[in-house]
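To start, the structure under review is shown below, and the notes come after it.
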Amino acid sequence: MKKRFVSAAVLVLACMLLAVPVMAGGQNDKGSATGDGPIVLRFYFPVGVAGPLATYMGEMAAEFTKAHPNIIVEPIYSGGYIETIQRALTSSKAGNPPDVALLTAADIWTGVDEKIILPLGPFIKQEGGDAFLSRYFEAFLDDCDVAGEYYALPFQKSTPIFYYNKDMFREAGLDPNKPPATWTEMKDMAQKLVQKERGETTRWGVEIPIDQWLLSCFIFQNGGQINNPEGTKTFLNSSEAIGALEFLQSLSAEGLMPARRLFGDSSADFVAGKTAMMYNSTGSMAFVKESATFDWGVAFLPENKKRIVATGGGQLVIMSGIPEARQKAAWEFLKWMTEPEQAAYWSMKTGYVAVNKGAFDVPEMKQYVEGFPYSIAARDQLQYAVGEPPSTHNARQISRFMTDAIEGALAGRVTPAAALNSAQAEAEKVLQAYNK
């Protein structure tokens, strides 16, 4: 597989040069509807221009054009996920939408409500319906479904996973081959692993980033729910949710973890030896693999009442308001990007989970897994996975309410019950329009 991407960088430049006359009129419709030139697809992709992921995506876009000479894909690096949906909304409302975008599950709900993305049912039916969908992991398809209809195909997918420093386990008298399996075990181990000098913490027992994604996992593991299937109601202040946040607060209050860390902070702390354990995305595994100078391991998330994990990451969508020829070309791109070989390539390069089951039969992927068996831990954890919450209308706002709740509770500014009561009240206001 690696060999066929070697000359891709050269092809990227060639594609950009070919795209210039097509794009000269502003909107990229010249040749796409009339058949007098190659179809140009603008692809909003959430990654920084200087990062390696941008290079990999450029290579893949060029390789797609090599296989489909009549379609040129122009990746447009649109910032993070939030900036990507904002740009997609703005350009769509201005009558100049991109053709393809990579959106979170929350933003797909927004795209549907704003009528800026296409339902994929007709395309999926042409490919064989359920037989076509069976190539993807079911939990990833949950993130593509809005109220019973598919609007996306999974691509850049992840789950949270548990990372731990085996050397620190040995130093603390813990078995390096037995990571915590439950909340109680995780807390007990954190107490043995945390280090302090003169009242100051020099090493945390565990780090859990401030994020609704991880809060949701704890709520699920405690037997709770986030929302109803219709996406019109939330259950953020249930007893299960409050109990989950109380447990997280206890870790902070007892000095076992910092009150506030983001995903990047935690992965940096982990490779620097500033925390013995962490919850983080599988998307951070490549960074840890390249940066850690110690013996480390990964495991499923510790369970409580249930073993369960939420998926995350991005899905590929086709934007509405584009000519039929570009819609068909965009579908070809979505299919190609999620085929086994491309899914395997993206997983090996980035650490994200390959979305196509057949990717794990690709020879290069098999060789990669043999040399780095941790890479399939997230795949194996998918048997316990559900789609990324909240799966609601205005999901981005609901996510913000949840993140505010966990941040306030861990900082000690408000009790877990009060924080989640507030989040639920705000969510009910936002969703009121959908409950009439």
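A note on labels: chains of the structure tokens are A, B, ... as shown, every chain counts residues from 1, and ligands are counted from 1 in their shown order.
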
Spatial neighbours of A:Ile242, 10 Å, only C-alpha atoms, chain gap at least 2 places, as a ChimeraX atom specification: /A:219,222,224,236-240,244-248,415-421

I want to know what sits within 10 Å of A:Ala259, based on only C-alpha atoms, with residues of the same chain fewer than 4 positions away left out; could you give that as a PyMOL selection string? chain A and resi 207-210+248-249+251-253+255+406-412

Write out as a PyMOL selection string the residues lying within 9 Å of stretch 118-128 of chain A, counting only C-alpha atoms and excluding same-chain residues fewer than 4 positions away. chain A and resi 111-112+132-133+149-153+317-321+327-328+331

Running DSSP on the backbone, which parts of stretch 139-261 of chain A land in strand (DSSP E or B), as a list in words? Asp145, Val146, Glu149, Tyr150, Leu153, Pro154, Phe155, Gln156, Lys157, Ser158, Pro160, Ile161, Phe162, Tyr163, Tyr164, Asn165, Thr182, Gln195, Lys196, Glu197, Glu200, Thr201, Thr202, Arg203, Trp204, Glu207, Asn227 and Thr234 of chain A

Residues from the last selection, N, CA and C atoms, saved as a compact mmCIF listing (two decimals), in the first residue's frame:
```txt
# COMPACT_ATOMS: atom_id res chain seq x y z
N ASP A 145 -26.53 8.32 11.55
CA ASP A 145 -27.98 8.17 11.53
C ASP A 145 -28.63 9.34 12.27
N VAL A 146 -29.55 10.01 11.61
CA VAL A 146 -30.34 11.06 12.25
C VAL A 146 -31.81 10.67 12.14
N GLU A 149 -32.48 7.89 9.51
CA GLU A 149 -32.02 8.04 8.13
C GLU A 149 -30.53 8.35 8.10
N TYR A 150 -29.82 7.72 7.17
CA TYR A 150 -28.37 7.93 7.08
C TYR A 150 -28.04 9.17 6.26
N LEU A 153 -21.19 8.69 5.87
CA LEU A 153 -20.43 7.46 6.01
C LEU A 153 -19.30 7.73 7.00
N PRO A 154 -18.99 6.77 7.86
CA PRO A 154 -17.93 6.98 8.84
C PRO A 154 -16.56 7.01 8.17
N PHE A 155 -15.66 7.83 8.72
CA PHE A 155 -14.31 7.88 8.15
C PHE A 155 -13.24 8.00 9.23
N GLN A 156 -13.21 9.12 9.91
CA GLN A 156 -12.16 9.40 10.90
C GLN A 156 -12.71 9.13 12.29
N LYS A 157 -12.68 7.88 12.70
CA LYS A 157 -13.40 7.47 13.90
C LYS A 157 -12.47 7.08 15.04
N SER A 158 -13.00 7.27 16.24
CA SER A 158 -12.22 6.98 17.43
C SER A 158 -13.16 6.55 18.56
N PRO A 160 -12.78 6.67 23.14
CA PRO A 160 -11.84 6.87 24.24
C PRO A 160 -11.22 5.52 24.60
N ILE A 161 -10.01 5.56 25.07
CA ILE A 161 -9.35 4.33 25.50
C ILE A 161 -8.47 4.66 26.70
N PHE A 162 -8.13 3.65 27.45
CA PHE A 162 -7.38 3.84 28.70
C PHE A 162 -5.90 3.59 28.45
N TYR A 163 -5.06 4.59 28.76
CA TYR A 163 -3.61 4.48 28.62
C TYR A 163 -2.99 4.40 30.02
N TYR A 164 -1.92 3.60 30.16
CA TYR A 164 -1.26 3.56 31.47
C TYR A 164 0.23 3.28 31.30
N ASN A 165 1.00 3.80 32.25
CA ASN A 165 2.45 3.70 32.25
C ASN A 165 2.86 2.43 33.00
N THR A 182 -12.35 -1.72 36.63
CA THR A 182 -13.53 -1.06 37.17
C THR A 182 -13.17 0.33 37.68
N GLN A 195 1.93 11.09 43.14
CA GLN A 195 3.10 11.47 43.92
C GLN A 195 3.05 12.95 44.27
N LYS A 196 3.46 13.25 45.50
CA LYS A 196 3.47 14.64 45.98
C LYS A 196 4.78 14.92 46.69
N GLU A 197 5.22 16.15 46.60
CA GLU A 197 6.40 16.62 47.34
C GLU A 197 6.07 17.95 47.98
N GLU A 200 2.86 19.52 47.05
CA GLU A 200 2.62 19.78 45.64
C GLU A 200 2.63 18.47 44.85
N THR A 201 1.68 18.33 43.95
CA THR A 201 1.60 17.12 43.14
C THR A 201 2.68 17.15 42.05
N THR A 202 3.49 16.12 42.02
CA THR A 202 4.52 16.00 40.99
C THR A 202 4.13 14.98 39.92
N ARG A 203 3.20 14.11 40.28
CA ARG A 203 2.68 13.14 39.31
C ARG A 203 1.24 12.80 39.67
N TRP A 204 0.36 12.94 38.71
CA TRP A 204 -1.04 12.61 38.94
C TRP A 204 -1.26 11.10 38.81
N GLU A 207 -5.50 11.20 34.63
CA GLU A 207 -6.03 12.42 34.04
C GLU A 207 -7.21 12.06 33.14
N ASN A 227 -29.90 10.95 25.97
CA ASN A 227 -31.07 11.51 25.28
C ASN A 227 -31.97 10.40 24.75
N THR A 234 -33.36 15.22 26.80
CA THR A 234 -32.13 14.78 27.46
C THR A 234 -32.45 14.37 28.89
```

Selected residue, from A:Phe137, A:Tyr77, A:Trp183, A:Phe64, that lies nearest to A:Phe45 when counting only C-alpha atoms: A:Tyr77

Using only C-alpha atoms, pick whichever of A:Lys366, A:Lys357, A:Lys306, A:Arg413 has the shortest atom-to-atom distance to A:Tyr384.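 Comparing A:Lys366, A:Lys357, A:Lys306, A:Arg413 against A:Tyr384, the winner is A:Lys306.
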
Using only C-alpha atoms, which residue out of A:Pro176, A:Gly231, A:Gly199, A:Pro98 lies closest to A:Ala147?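 Between A:Pro176, A:Gly231, A:Gly199, A:Pro98, the residue approaching A:Ala147 most closely is A:Gly231.
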
Go through A:Ile117, A:Leu301, A:Leu215, A:Ala241 and flag the residue nearest A:Thr282, using only C-alpha atoms for the distances. A:Leu301

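One finds atom CA of A:Ile72 at 4.7 Å from atom CA of A:Val40.
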
Go through A:Glu324, A:Gln212, A:Ala67, A:Thr184 and flag the residue nearest A:Ser399, using only C-alpha atoms for the distances.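 Answer, going by the shortest atom-to-atom distance: A:Gln212.
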
When you look at A:Met365 with a cut-off of 9 Å (counting only C-alpha atoms), what residues show up, excluding the ones that are within fewer than 3 positions of it in the same chain? I need them as a tab-separated table (two decimals) with N, CA and C atoms, in the first residue's frame.
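So the final result, stored in out-v3.tsv, reads:
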```tsv
chain	number	residue	atom	x	y	z
A	341	GLU	N	-8.72	-0.57	1.79
A	341	GLU	CA	-7.33	-0.14	1.68
A	341	GLU	C	-7.15	1.29	2.19
A	344	ALA	N	-7.58	1.36	6.01
A	344	ALA	CA	-6.38	0.85	6.66
A	344	ALA	C	-5.27	1.89	6.64
A	345	TYR	N	-5.08	2.53	5.49
A	345	TYR	CA	-4.03	3.54	5.37
A	345	TYR	C	-4.23	4.67	6.39
A	347	SER	N	-5.93	4.65	9.15
A	347	SER	CA	-5.75	4.16	10.52
A	347	SER	C	-4.27	4.04	10.87
A	348	MET	N	-3.48	3.48	9.98
A	348	MET	CA	-2.05	3.31	10.26
A	348	MET	C	-1.34	4.65	10.37
A	359	ALA	N	-10.71	-3.68	6.36
A	359	ALA	CA	-9.39	-3.06	6.48
A	359	ALA	C	-8.42	-3.95	7.23
A	360	PHE	N	-8.94	-4.73	8.16
A	360	PHE	CA	-8.06	-5.56	8.98
A	360	PHE	C	-7.60	-6.82	8.26
A	361	ASP	N	-8.07	-7.01	7.02
A	361	ASP	CA	-7.58	-8.09	6.18
A	361	ASP	C	-6.58	-7.60	5.13
A	362	VAL	N	-6.37	-6.28	5.05
A	362	VAL	CA	-5.38	-5.72	4.12
A	362	VAL	C	-3.98	-6.14	4.60
A	368	TYR	N	1.10	-4.31	10.18
A	368	TYR	CA	1.15	-3.20	11.15
A	368	TYR	C	0.66	-3.67	12.51
A	369	VAL	N	-0.45	-4.39	12.53
A	369	VAL	CA	-1.03	-4.86	13.79
A	369	VAL	C	-0.09	-5.84	14.48
A	370	GLU	N	0.58	-6.70	13.71
A	370	GLU	CA	1.53	-7.64	14.30
A	370	GLU	C	2.66	-6.89	15.02
```
